[in-house]
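Colleague: Sending over work.cif (mmCIF, C-alpha atoms).
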```
data_upload
loop_
_atom_site.label_atom_id
_atom_site.label_comp_id
_atom_site.auth_asym_id
_atom_site.auth_seq_id
_atom_site.Cartn_x
_atom_site.Cartn_y
_atom_site.Cartn_z
CA MET Z 1 1.64 6.27 -48.41
CA SER Z 2 2.99 6.80 -44.91
CA LEU Z 3 3.30 10.27 -43.48
CA ARG Z 4 5.98 9.09 -41.04
CA SER Z 5 9.49 10.22 -41.77
CA PRO Z 6 12.23 7.63 -42.20
CA LEU Z 7 13.89 9.03 -39.07
CA SER Z 8 10.73 8.58 -36.95
CA ARG Z 9 10.38 5.03 -38.24
CA VAL Z 10 13.94 4.04 -37.44
CA LEU Z 11 13.83 5.62 -33.95
CA GLY Z 12 10.68 3.64 -33.23
CA ALA Z 13 9.74 5.97 -30.40
CA GLY Z 14 6.01 6.24 -31.24
CA SER Z 15 3.78 9.26 -30.79
CA ALA Z 16 4.72 9.76 -27.13
CA LYS Z 17 8.40 10.01 -28.15
CA GLU Z 18 9.60 7.72 -25.39
CA GLY Z 19 9.26 4.34 -27.06
CA THR Z 20 9.27 1.46 -24.60
CA ASP Z 21 11.17 3.32 -21.85
CA HIS Z 22 8.38 3.19 -19.27
CA TRP Z 23 7.64 -0.49 -19.86
CA TRP Z 24 11.33 -1.48 -19.88
CA LEU Z 25 12.32 0.52 -16.80
CA GLN Z 26 9.37 -1.00 -14.88
CA ARG Z 27 10.80 -4.44 -15.66
CA VAL Z 28 14.44 -3.60 -14.93
CA THR Z 29 13.55 -2.04 -11.56
CA ALA Z 30 11.28 -5.05 -10.85
CA VAL Z 31 14.14 -7.49 -11.35
CA ALA Z 32 16.42 -5.32 -9.20
CA LEU Z 33 13.76 -5.18 -6.47
CA VAL Z 34 13.45 -8.97 -6.37
CA LEU Z 35 17.11 -9.04 -5.28
CA LEU Z 36 17.08 -5.88 -3.14
CA GLY Z 37 13.77 -6.82 -1.48
CA ALA Z 38 15.02 -10.28 -0.60
CA TRP Z 39 18.20 -8.75 0.81
CA PHE Z 40 16.18 -6.31 2.95
CA LEU Z 41 13.91 -8.95 4.45
CA LEU Z 42 16.88 -11.20 5.27
CA ALA Z 43 19.02 -8.34 6.59
CA LEU Z 44 16.29 -7.42 9.09
CA PHE Z 45 17.06 -10.69 10.88
CA SER Z 46 20.44 -9.29 11.98
CA ILE Z 47 18.76 -6.60 14.10
CA ASP Z 48 18.72 -7.68 17.75
CA SER Z 49 16.98 -4.79 19.45
CA TRP Z 50 14.99 -2.13 17.68
CA THR Z 51 16.61 0.86 19.37
CA ARG Z 52 17.68 3.90 17.38
CA ALA Z 53 21.35 3.40 18.26
CA GLU Z 54 21.31 -0.22 17.12
CA LEU Z 55 19.51 0.66 13.89
CA ALA Z 56 21.91 3.51 13.18
CA ALA Z 57 24.78 1.02 13.48
CA TRP Z 58 22.85 -1.37 11.24
CA VAL Z 59 22.16 1.28 8.57
CA GLY Z 60 25.70 2.60 8.86
CA ARG Z 61 27.47 -0.63 7.96
CA PRO Z 62 28.96 0.08 4.50
CA SER Z 63 27.38 -2.96 2.84
CA HIS Z 64 23.99 -2.12 4.38
CA ALA Z 65 24.24 1.55 3.42
CA VAL Z 66 24.99 0.67 -0.20
CA MET Z 67 22.14 -1.82 -0.39
CA LEU Z 68 19.72 0.58 1.34
CA LEU Z 69 20.65 3.37 -1.09
CA LEU Z 70 20.04 1.05 -4.06
CA LEU Z 71 16.81 -0.20 -2.49
CA SER Z 72 15.43 3.29 -1.74
CA VAL Z 73 16.21 4.75 -5.15
CA THR Z 74 14.95 1.70 -7.04
CA LEU Z 75 11.79 1.54 -4.90
CA ALA Z 76 11.05 5.20 -5.49
CA ARG Z 77 11.57 4.82 -9.25
CA HIS Z 78 9.48 1.63 -9.52
CA SER Z 79 6.75 3.11 -7.33
CA ALA Z 80 6.67 6.33 -9.39
CA LEU Z 81 6.23 4.33 -12.60
CA GLY Z 82 3.46 2.20 -11.08
CA VAL Z 83 1.51 5.02 -9.45
CA GLU Z 84 1.78 6.97 -12.72
CA VAL Z 85 -0.09 4.21 -14.58
CA VAL Z 86 -2.69 3.88 -11.82
CA ILE Z 87 -3.37 7.64 -11.91
CA GLU Z 88 -3.59 7.60 -15.71
CA ASP Z 89 -6.13 4.77 -15.55
CA TYR Z 90 -8.35 5.87 -12.68
CA VAL Z 91 -8.13 9.66 -12.29
CA HIS Z 92 -10.41 11.30 -14.82
CA GLY Z 93 -10.56 14.92 -15.87
CA ALA Z 94 -7.50 16.44 -17.50
CA GLY Z 95 -6.71 18.97 -14.75
CA LEU Z 96 -7.00 16.56 -11.84
CA LYS Z 97 -5.04 13.90 -13.73
CA VAL Z 98 -2.13 16.20 -14.55
CA ALA Z 99 -2.10 17.57 -11.00
CA ALA Z 100 -2.05 14.05 -9.54
CA LEU Z 101 0.73 12.97 -11.91
CA ILE Z 102 2.91 15.96 -10.99
CA LEU Z 103 2.19 15.55 -7.27
CA SER Z 104 3.14 11.87 -7.44
CA LYS Z 105 6.36 12.65 -9.31
CA PHE Z 106 7.33 15.34 -6.78
CA ALA Z 107 6.50 13.07 -3.83
CA HIS Z 108 8.60 10.22 -5.19
CA VAL Z 109 11.60 12.43 -5.89
CA PHE Z 110 11.25 13.93 -2.40
CA LEU Z 111 11.13 10.49 -0.77
CA GLY Z 112 14.14 9.33 -2.78
CA VAL Z 113 16.21 12.38 -1.84
CA LEU Z 114 15.20 12.16 1.84
CA ALA Z 115 16.16 8.48 1.96
CA ILE Z 116 19.53 9.18 0.33
CA LEU Z 117 20.28 12.01 2.76
CA ALA Z 118 19.26 9.92 5.80
CA ILE Z 119 21.33 6.90 4.79
CA LEU Z 120 24.37 8.99 3.88
CA LYS Z 121 24.20 10.92 7.13
CA VAL Z 122 24.20 7.74 9.18
CA ALA Z 123 26.81 6.02 7.02
CA LEU Z 124 29.18 8.99 7.02
CA GLY Z 125 28.70 9.49 10.74
CA VAL Z 126 27.77 13.15 10.62
CA THR Z 127 26.52 14.12 14.08
CA SER Z 128 23.45 16.31 14.37
CA MET N 129 -21.67 16.68 -26.91
CA ASN N 130 -23.65 15.07 -24.12
CA THR N 131 -21.81 12.05 -22.75
CA GLU N 132 -23.96 11.62 -19.64
CA GLY N 133 -26.55 8.89 -19.19
CA ARG N 134 -25.55 6.75 -22.12
CA PRO N 135 -26.12 3.00 -21.86
CA LEU N 136 -23.01 1.13 -20.69
CA SER N 137 -21.73 -2.25 -21.70
CA PRO N 138 -21.71 -4.89 -18.92
CA HIS N 139 -19.04 -3.92 -16.40
CA LEU N 140 -17.28 -5.18 -13.25
CA THR N 141 -20.44 -5.74 -11.21
CA ILE N 142 -21.97 -8.15 -13.74
CA TYR N 143 -19.16 -10.70 -13.94
CA ARG N 144 -18.23 -13.59 -11.71
CA TRP N 145 -14.61 -12.65 -11.05
CA PRO N 146 -12.15 -15.20 -12.40
CA ILE N 147 -9.02 -15.75 -10.31
CA SER N 148 -6.80 -14.09 -12.93
CA MET N 149 -8.92 -10.94 -12.70
CA ILE N 150 -8.64 -10.93 -8.90
CA LEU N 151 -4.84 -11.27 -9.12
CA SER N 152 -4.68 -8.46 -11.65
CA ILE N 153 -6.45 -5.98 -9.39
CA LEU N 154 -4.62 -7.28 -6.29
CA HIS N 155 -1.32 -6.55 -8.06
CA ARG N 156 -2.34 -2.91 -8.38
CA ILE N 157 -3.80 -2.66 -4.88
CA THR N 158 -0.69 -4.19 -3.28
CA GLY N 159 1.50 -1.92 -5.42
CA VAL N 160 -0.30 1.22 -4.28
CA ALA N 161 -0.30 -0.08 -0.68
CA MET N 162 3.47 -0.44 -0.85
CA SER N 163 3.80 3.05 -2.32
CA VAL N 164 2.16 4.23 0.91
CA GLY N 165 4.52 1.89 2.76
CA LEU N 166 7.43 3.59 1.00
CA ILE N 167 6.51 6.81 2.82
CA VAL N 168 6.72 5.01 6.18
CA PHE N 169 9.96 3.28 5.15
CA VAL N 170 11.62 6.61 4.28
CA LEU N 171 10.27 8.28 7.45
CA TRP N 172 11.77 5.34 9.39
CA LEU N 173 15.18 5.92 7.78
CA ALA N 174 14.89 9.67 8.40
CA ALA N 175 13.94 9.12 12.04
CA ILE N 176 16.95 6.82 12.52
CA ALA N 177 19.19 9.47 11.00
CA PHE N 178 17.77 12.69 12.41
CA ASP N 179 15.49 12.53 15.41
CA GLN N 180 15.23 10.42 18.56
CA ALA N 181 11.71 11.58 19.49
CA SER N 182 10.36 10.85 15.98
CA TYR N 183 12.02 7.45 16.07
CA GLU N 184 10.44 6.56 19.41
CA SER N 185 6.95 7.62 18.35
CA LEU N 186 7.25 5.81 15.00
CA GLN N 187 8.62 2.71 16.72
CA SER N 188 5.81 2.60 19.30
CA THR N 189 3.19 3.23 16.60
CA LEU N 190 4.49 0.33 14.51
CA ALA N 191 4.74 -1.92 17.58
CA SER N 192 1.10 -1.29 18.52
CA VAL N 193 -1.64 -3.66 17.36
CA PRO N 194 -2.82 -1.45 14.45
CA GLY N 195 0.85 -0.93 13.54
CA ARG N 196 1.48 -4.67 13.46
CA VAL N 197 -1.62 -5.21 11.33
CA LEU N 198 -0.24 -2.64 8.86
CA LEU N 199 3.19 -4.29 8.84
CA LEU N 200 1.61 -7.70 8.28
CA GLY N 201 -0.42 -6.20 5.43
CA TRP N 202 2.70 -4.71 3.83
CA CYS N 203 4.46 -8.04 4.31
CA PHE N 204 1.67 -9.85 2.44
CA ALA N 205 1.56 -7.08 -0.18
CA PHE N 206 5.30 -7.50 -0.73
CA PHE N 207 5.13 -11.26 -1.25
CA LEU N 208 2.03 -11.12 -3.43
CA HIS N 209 3.42 -8.33 -5.61
CA LEU N 210 6.75 -10.18 -5.77
CA ALA N 211 5.23 -13.51 -6.78
CA ASN N 212 2.79 -11.96 -9.23
CA GLY N 213 5.58 -9.73 -10.56
CA VAL N 214 7.61 -12.82 -11.39
CA ARG N 215 4.46 -14.19 -13.11
CA HIS N 216 4.37 -11.01 -15.19
CA LEU N 217 8.07 -11.33 -16.06
CA ILE N 218 7.43 -14.90 -17.26
CA TRP N 219 4.54 -13.63 -19.39
CA ASP N 220 6.90 -11.01 -20.84
CA THR N 221 8.94 -13.88 -22.33
CA GLY N 222 5.79 -15.10 -24.11
CA ARG N 223 5.27 -18.16 -21.92
CA LEU N 224 2.29 -19.51 -19.90
CA PHE N 225 -0.30 -17.37 -21.70
CA GLU N 226 -3.00 -20.06 -22.08
CA LYS N 227 -6.10 -19.51 -19.95
CA HIS N 228 -5.69 -22.68 -17.87
CA GLN N 229 -2.00 -21.80 -17.31
CA ALA N 230 -2.90 -18.26 -16.20
CA ASP N 231 -5.44 -19.71 -13.75
CA THR N 232 -2.95 -22.22 -12.35
CA SER N 233 -0.18 -19.64 -11.99
CA ALA N 234 -2.64 -17.28 -10.28
CA TRP N 235 -3.40 -19.90 -7.62
CA ILE N 236 0.32 -20.65 -7.22
CA VAL N 237 0.99 -16.93 -6.68
CA LEU N 238 -1.80 -16.62 -4.11
CA VAL N 239 -0.77 -19.71 -2.13
CA ALA N 240 2.93 -18.78 -2.32
CA ALA N 241 2.18 -15.27 -1.05
CA VAL N 242 0.20 -16.59 1.93
CA LEU N 243 2.84 -19.21 2.81
CA LEU N 244 5.80 -16.82 2.43
CA THR N 245 4.02 -14.17 4.53
CA ALA N 246 3.26 -16.70 7.27
CA ALA N 247 6.78 -18.13 7.21
CA TYR N 248 8.45 -14.72 7.32
CA TRP N 249 6.14 -13.29 9.94
CA LEU N 250 6.66 -16.25 12.26
CA THR N 251 10.46 -16.35 11.87
CA ILE N 252 10.97 -12.59 12.29
CA GLY N 253 8.87 -12.89 15.46
CA GLY N 254 5.75 -10.88 14.60
#
```
As structure tokens, how would this structure be written, given the file I've shared?
Modeller:
Amino acid sequence: MSLRSPLSRVLGAGSAKEGTDHWWLQRVTAVALVLLGAWFLLALFSIDSWTRAELAAWVGRPSHAVMLLLLSVTLARHSALGVEVVIEDYVHGAGLKVAALILSKFAHVFLGVLAILAILKVALGVTS
Amino acid sequence: MNTEGRPLSPHLTIYRWPISMILSILHRITGVAMSVGLIVFVLWLAAIAFDQASYESLQSTLASVPGRVLLLGWCFAFFLHLANGVRHLIWDTGRLFEKHQADTSAWIVLVAAVLLTAAYWLTIGG
């Protein structure tokens, strides 16, 4: 006799209630980062001099801004998923583990938001 | 319940590390290294957007010898994590799981990462 309800069985979400979300999102962001990472490394070739003005123009090009936004958000998401697993595996002690997991989540959201703001500011040409 | 001082089964220090084991831990190390790199990447974007002085200090730090060593390290980490990530994606389809295949693909990943890093570093001009 199974104690699982028919609903729980059909949802297939397991005891953690998130099913394969973590695993799947790690893969989807990985595939996206193959493309976005390759774009970034190639796009760096179009920078002639590494001055702030030149880089602002480089970041501000609409195609670059879109790709950099996608890259930053996907990187932050992929990194958050990866660091989460590393913390779960290597940080022992419930309190320290939970603290590290929350800190990592906060840091990744912060980095993502900061990147979005920076890219948008340059792309939209808001002067400081 | 006392969990201290119990005998342990043979662990990391007792094995001769097979190449697949080295790649497995390198995948994690390079991943964490790039998570640190993500901080620098975002600070770089923020400096471009917000502050000339921060940009200049970040730029000169990254152009220094220790800075270049870090960038080269992140470059290698990127290519190794990329190549090994593709290896993982192939495994996810159920292919190349035999031990000799895993060993061969591990060597391919390692050599590809070194070659790609060298090629990129030399063309981008160090």
Colleague: Listing only residues of chain N within 9 Å of chain Z, what is the closest atom pair and its distance in Å (to one decimal) for each, using all atoms listed in the file, sorted by chain and residue number ascending, as a tab-separated table?
Modeller:
```
residue	atom	partner	partner_atom	distance
N:Arg156	CA	Z:Val86	CA	7.6
N:Gly159	CA	Z:Gly82	CA	7.3
N:Val160	CA	Z:Val83	CA	6.7
N:Met162	CA	Z:Ser79	CA	8.1
N:Ser163	CA	Z:Ser79	CA	5.8
N:Leu166	CA	Z:Ala76	CA	7.6
N:Ile167	CA	Z:Leu111	CA	6.9
N:Phe169	CA	Z:Ala115	CA	8.7
N:Val170	CA	Z:Ala115	CA	5.4
N:Leu171	CA	Z:Ala115	CA	8.1
N:Leu173	CA	Z:Ala118	CA	6.0
N:Ala174	CA	Z:Ala118	CA	5.1
N:Ala175	CA	Z:Ala118	CA	8.2
N:Ile176	CA	Z:Arg52	CA	5.7
N:Ala177	CA	Z:Ala118	CA	5.2
N:Phe178	CA	Z:Ser128	CA	7.0
N:Asp179	CA	Z:Ser128	CA	8.9
N:Gln180	CA	Z:Arg52	CA	7.1
N:Tyr183	CA	Z:Arg52	CA	6.8
N:Glu184	CA	Z:Arg52	CA	8.0
N:Gln187	CA	Z:Trp50	CA	8.1
N:Phe206	CA	Z:Gly37	CA	8.5
N:Leu210	CA	Z:Val34	CA	6.8
N:Gly213	CA	Z:Ala30	CA	7.4
N:Val214	CA	Z:Val31	CA	8.4
N:Leu217	CA	Z:Arg27	CA	7.4
N:Tyr248	CA	Z:Leu41	CA	8.4
N:Thr251	CA	Z:Phe45	CA	8.8
N:Ile252	CA	Z:Phe45	CA	6.5
```
Colleague: Which neighbours of Asn212 in chain N fall inside 8 Å, counting all atoms listed in the file, when residues of the same chain fewer than 4 positions from it are skipped, and could you give them as an MDAnalysis selection string?
Modeller: chainID N and resid 151 155 208 216 234 237
Colleague: Specify the axis-aligned box that encloses all atoms of range 63-79 of chain Z listed in the file after padding of 6 Å on each side, stating its centre and edge lengths in Å to one decimal as JSON.
Modeller:
```
{"center_x": 17.1, "center_y": 1.1, "center_z": -2.6, "size_x": 32.6, "size_y": 20.2, "size_z": 25.9}
```
Colleague: Please write as a PyMOL selection string the list of polymer residues whose atoms come within 12 Å of (8.8, 4.5, -20.8), counting only C-alpha atoms and keeping to the coordinates of the file.
Modeller: chain Z and resi 13-14+16-28+77-78+80-82+84-85
Colleague: I'd like to see the residues matched by the PyMOL selection byres ((chain N and resi 231) around 12) on this file, and ideally I'd get them as a list in words.
Modeller: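 Evaluating the PyMOL selection byres ((chain N and resi 231) around 12) on these coordinates yields Trp145, Pro146, Ile147, Ser148, Met149, Ile150, Leu151, Ser152, Arg215, Leu224, Phe225, Glu226, Lys227, His228, Gln229, Ala230, Thr232, Ser233, Ala234, Trp235, Ile236, Val237 and Leu238 of chain N.
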Colleague: Care to translate the PyMOL selection byres ((chain N and resi 190) around 12) into actual residues of this file, as a VMD selection string?
Modeller: (chain Z and resid 50) or (chain N and resid 165 168 to 169 172 183 to 189 191 to 200 202 254)
Colleague: So what do you get for CA of Leu244 in chain N versus CA of Ile157 in chain N, distance-wise?
Modeller: 18.6 Å
Colleague: State, in Å with one decimal place, the distance from CA of Ser46 in chain Z to CA of His64 in chain Z.
Modeller: 11.0 Å
Colleague: What is the distance, in Å and to one decimal place, between CA of Val109 in chain Z and CA of Asp89 in chain Z?
Modeller: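 Pair CA of Val109 in chain Z / CA of Asp89 in chain Z returns 21.6 Å.
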Colleague: Restrict the output to range 200-239 of chain N and N, CA and C atoms, then write it as a PDB file, in the first residue's frame.
Modeller:
```pdb
ATOM      1  N   LEU N 200      43.688  35.249 -16.922  1.00  0.00           N
ATOM      2  CA  LEU N 200      44.058  34.010 -17.622  1.00  0.00           C
ATOM      3  C   LEU N 200      43.416  32.807 -16.934  1.00  0.00           C
ATOM      4  N   GLY N 201      43.410  32.833 -15.605  1.00  0.00           N
ATOM      5  CA  GLY N 201      42.778  31.758 -14.840  1.00  0.00           C
ATOM      6  C   GLY N 201      41.287  31.664 -15.143  1.00  0.00           C
ATOM      7  N   TRP N 202      40.606  32.810 -15.190  1.00  0.00           N
ATOM      8  CA  TRP N 202      39.173  32.805 -15.490  1.00  0.00           C
ATOM      9  C   TRP N 202      38.927  32.351 -16.923  1.00  0.00           C
ATOM     10  N   CYS N 203      39.847  32.708 -17.808  1.00  0.00           N
ATOM     11  CA  CYS N 203      39.751  32.295 -19.204  1.00  0.00           C
ATOM     12  C   CYS N 203      39.828  30.766 -19.291  1.00  0.00           C
ATOM     13  N   PHE N 204      40.815  30.175 -18.598  1.00  0.00           N
ATOM     14  CA  PHE N 204      40.939  28.716 -18.580  1.00  0.00           C
ATOM     15  C   PHE N 204      39.720  28.087 -17.907  1.00  0.00           C
ATOM     16  N   ALA N 205      39.282  28.693 -16.794  1.00  0.00           N
ATOM     17  CA  ALA N 205      38.111  28.165 -16.077  1.00  0.00           C
ATOM     18  C   ALA N 205      36.896  28.144 -16.997  1.00  0.00           C
ATOM     19  N   PHE N 206      36.734  29.224 -17.784  1.00  0.00           N
ATOM     20  CA  PHE N 206      35.601  29.301 -18.705  1.00  0.00           C
ATOM     21  C   PHE N 206      35.636  28.149 -19.706  1.00  0.00           C
ATOM     22  N   PHE N 207      36.798  27.962 -20.351  1.00  0.00           N
ATOM     23  CA  PHE N 207      36.866  26.943 -21.397  1.00  0.00           C
ATOM     24  C   PHE N 207      36.760  25.533 -20.822  1.00  0.00           C
ATOM     25  N   LEU N 208      37.349  25.310 -19.633  1.00  0.00           N
ATOM     26  CA  LEU N 208      37.243  23.980 -19.052  1.00  0.00           C
ATOM     27  C   LEU N 208      35.805  23.674 -18.640  1.00  0.00           C
ATOM     28  N   HIS N 209      35.173  24.647 -17.986  1.00  0.00           N
ATOM     29  CA  HIS N 209      33.788  24.466 -17.536  1.00  0.00           C
ATOM     30  C   HIS N 209      32.858  24.317 -18.747  1.00  0.00           C
ATOM     31  N   LEU N 210      33.153  25.065 -19.805  1.00  0.00           N
ATOM     32  CA  LEU N 210      32.373  24.972 -21.047  1.00  0.00           C
ATOM     33  C   LEU N 210      32.487  23.574 -21.660  1.00  0.00           C
ATOM     34  N   ALA N 211      33.758  23.137 -21.853  1.00  0.00           N
ATOM     35  CA  ALA N 211      33.972  21.839 -22.495  1.00  0.00           C
ATOM     36  C   ALA N 211      33.415  20.703 -21.635  1.00  0.00           C
ATOM     37  N   ASN N 212      33.676  20.764 -20.337  1.00  0.00           N
ATOM     38  CA  ASN N 212      33.185  19.708 -19.463  1.00  0.00           C
ATOM     39  C   ASN N 212      31.663  19.785 -19.303  1.00  0.00           C
ATOM     40  N   GLY N 213      31.119  21.001 -19.410  1.00  0.00           N
ATOM     41  CA  GLY N 213      29.668  21.176 -19.365  1.00  0.00           C
ATOM     42  C   GLY N 213      29.004  20.498 -20.549  1.00  0.00           C
ATOM     43  N   VAL N 214      29.618  20.640 -21.726  1.00  0.00           N
ATOM     44  CA  VAL N 214      29.098  19.957 -22.913  1.00  0.00           C
ATOM     45  C   VAL N 214      29.177  18.443 -22.707  1.00  0.00           C
ATOM     46  N   ARG N 215      30.284  17.980 -22.063  1.00  0.00           N
ATOM     47  CA  ARG N 215      30.430  16.550 -21.741  1.00  0.00           C
ATOM     48  C   ARG N 215      29.270  16.088 -20.852  1.00  0.00           C
ATOM     49  N   HIS N 216      28.929  16.936 -19.875  1.00  0.00           N
ATOM     50  CA  HIS N 216      27.795  16.607 -19.009  1.00  0.00           C
ATOM     51  C   HIS N 216      26.482  16.555 -19.785  1.00  0.00           C
ATOM     52  N   LEU N 217      26.300  17.516 -20.707  1.00  0.00           N
ATOM     53  CA  LEU N 217      25.058  17.544 -21.487  1.00  0.00           C
ATOM     54  C   LEU N 217      24.942  16.295 -22.356  1.00  0.00           C
ATOM     55  N   ILE N 218      26.100  15.812 -22.883  1.00  0.00           N
ATOM     56  CA  ILE N 218      26.076  14.564 -23.662  1.00  0.00           C
ATOM     57  C   ILE N 218      25.683  13.394 -22.755  1.00  0.00           C
ATOM     58  N   TRP N 219      26.268  13.365 -21.548  1.00  0.00           N
ATOM     59  CA  TRP N 219      25.896  12.310 -20.591  1.00  0.00           C
ATOM     60  C   TRP N 219      24.398  12.337 -20.296  1.00  0.00           C
ATOM     61  N   ASP N 220      23.836  13.561 -20.234  1.00  0.00           N
ATOM     62  CA  ASP N 220      22.407  13.691 -19.921  1.00  0.00           C
ATOM     63  C   ASP N 220      21.528  13.009 -20.967  1.00  0.00           C
ATOM     64  N   THR N 221      22.076  12.807 -22.181  1.00  0.00           N
ATOM     65  CA  THR N 221      21.301  12.110 -23.212  1.00  0.00           C
ATOM     66  C   THR N 221      21.501  10.596 -23.108  1.00  0.00           C
ATOM     67  N   GLY N 222      22.304  10.167 -22.123  1.00  0.00           N
ATOM     68  CA  GLY N 222      22.524   8.737 -21.923  1.00  0.00           C
ATOM     69  C   GLY N 222      23.678   8.158 -22.719  1.00  0.00           C
ATOM     70  N   ARG N 223      24.458   9.013 -23.361  1.00  0.00           N
ATOM     71  CA  ARG N 223      25.562   8.529 -24.201  1.00  0.00           C
ATOM     72  C   ARG N 223      26.915   8.627 -23.491  1.00  0.00           C
ATOM     73  N   LEU N 224      27.885   7.859 -23.999  1.00  0.00           N
ATOM     74  CA  LEU N 224      29.299   7.918 -23.583  1.00  0.00           C
ATOM     75  C   LEU N 224      29.514   7.664 -22.087  1.00  0.00           C
ATOM     76  N   PHE N 225      28.723   6.755 -21.522  1.00  0.00           N
ATOM     77  CA  PHE N 225      28.820   6.487 -20.087  1.00  0.00           C
ATOM     78  C   PHE N 225      29.849   5.418 -19.719  1.00  0.00           C
ATOM     79  N   GLU N 226      30.342   4.647 -20.706  1.00  0.00           N
ATOM     80  CA  GLU N 226      31.302   3.594 -20.375  1.00  0.00           C
ATOM     81  C   GLU N 226      32.583   4.200 -19.811  1.00  0.00           C
ATOM     82  N   LYS N 227      33.274   3.421 -18.956  1.00  0.00           N
ATOM     83  CA  LYS N 227      34.431   3.963 -18.254  1.00  0.00           C
ATOM     84  C   LYS N 227      35.515   4.452 -19.223  1.00  0.00           C
ATOM     85  N   HIS N 228      35.799   3.653 -20.254  1.00  0.00           N
ATOM     86  CA  HIS N 228      36.867   4.065 -21.182  1.00  0.00           C
ATOM     87  C   HIS N 228      36.437   5.320 -21.963  1.00  0.00           C
ATOM     88  N   GLN N 229      35.115   5.429 -22.231  1.00  0.00           N
ATOM     89  CA  GLN N 229      34.623   6.634 -22.927  1.00  0.00           C
ATOM     90  C   GLN N 229      34.735   7.869 -22.024  1.00  0.00           C
ATOM     91  N   ALA N 230      34.415   7.687 -20.743  1.00  0.00           N
ATOM     92  CA  ALA N 230      34.502   8.804 -19.791  1.00  0.00           C
ATOM     93  C   ALA N 230      35.950   9.268 -19.646  1.00  0.00           C
ATOM     94  N   ASP N 231      36.891   8.304 -19.668  1.00  0.00           N
ATOM     95  CA  ASP N 231      38.313   8.665 -19.581  1.00  0.00           C
ATOM     96  C   ASP N 231      38.752   9.428 -20.831  1.00  0.00           C
ATOM     97  N   THR N 232      38.354   8.908 -22.003  1.00  0.00           N
ATOM     98  CA  THR N 232      38.737   9.568 -23.257  1.00  0.00           C
ATOM     99  C   THR N 232      38.158  10.981 -23.326  1.00  0.00           C
ATOM    100  N   SER N 233      36.866  11.107 -23.004  1.00  0.00           N
ATOM    101  CA  SER N 233      36.235  12.435 -23.089  1.00  0.00           C
ATOM    102  C   SER N 233      36.859  13.388 -22.074  1.00  0.00           C
ATOM    103  N   ALA N 234      37.308  12.860 -20.931  1.00  0.00           N
ATOM    104  CA  ALA N 234      37.957  13.715 -19.938  1.00  0.00           C
ATOM    105  C   ALA N 234      39.238  14.320 -20.504  1.00  0.00           C
ATOM    106  N   TRP N 235      40.028  13.470 -21.181  1.00  0.00           N
ATOM    107  CA  TRP N 235      41.279  13.968 -21.781  1.00  0.00           C
ATOM    108  C   TRP N 235      40.989  14.967 -22.901  1.00  0.00           C
ATOM    109  N   ILE N 236      39.936  14.685 -23.695  1.00  0.00           N
ATOM    110  CA  ILE N 236      39.567  15.609 -24.768  1.00  0.00           C
ATOM    111  C   ILE N 236      39.214  16.984 -24.175  1.00  0.00           C
ATOM    112  N   VAL N 237      38.423  16.952 -23.087  1.00  0.00           N
ATOM    113  CA  VAL N 237      38.020  18.198 -22.428  1.00  0.00           C
ATOM    114  C   VAL N 237      39.242  18.978 -21.947  1.00  0.00           C
ATOM    115  N   LEU N 238      40.172  18.266 -21.299  1.00  0.00           N
ATOM    116  CA  LEU N 238      41.355  18.922 -20.730  1.00  0.00           C
ATOM    117  C   LEU N 238      42.217  19.546 -21.823  1.00  0.00           C
ATOM    118  N   VAL N 239      42.475  18.776 -22.883  1.00  0.00           N
ATOM    119  CA  VAL N 239      43.307  19.273 -23.985  1.00  0.00           C
ATOM    120  C   VAL N 239      42.597  20.430 -24.701  1.00  0.00           C
TER     121      VAL N 239
END
```
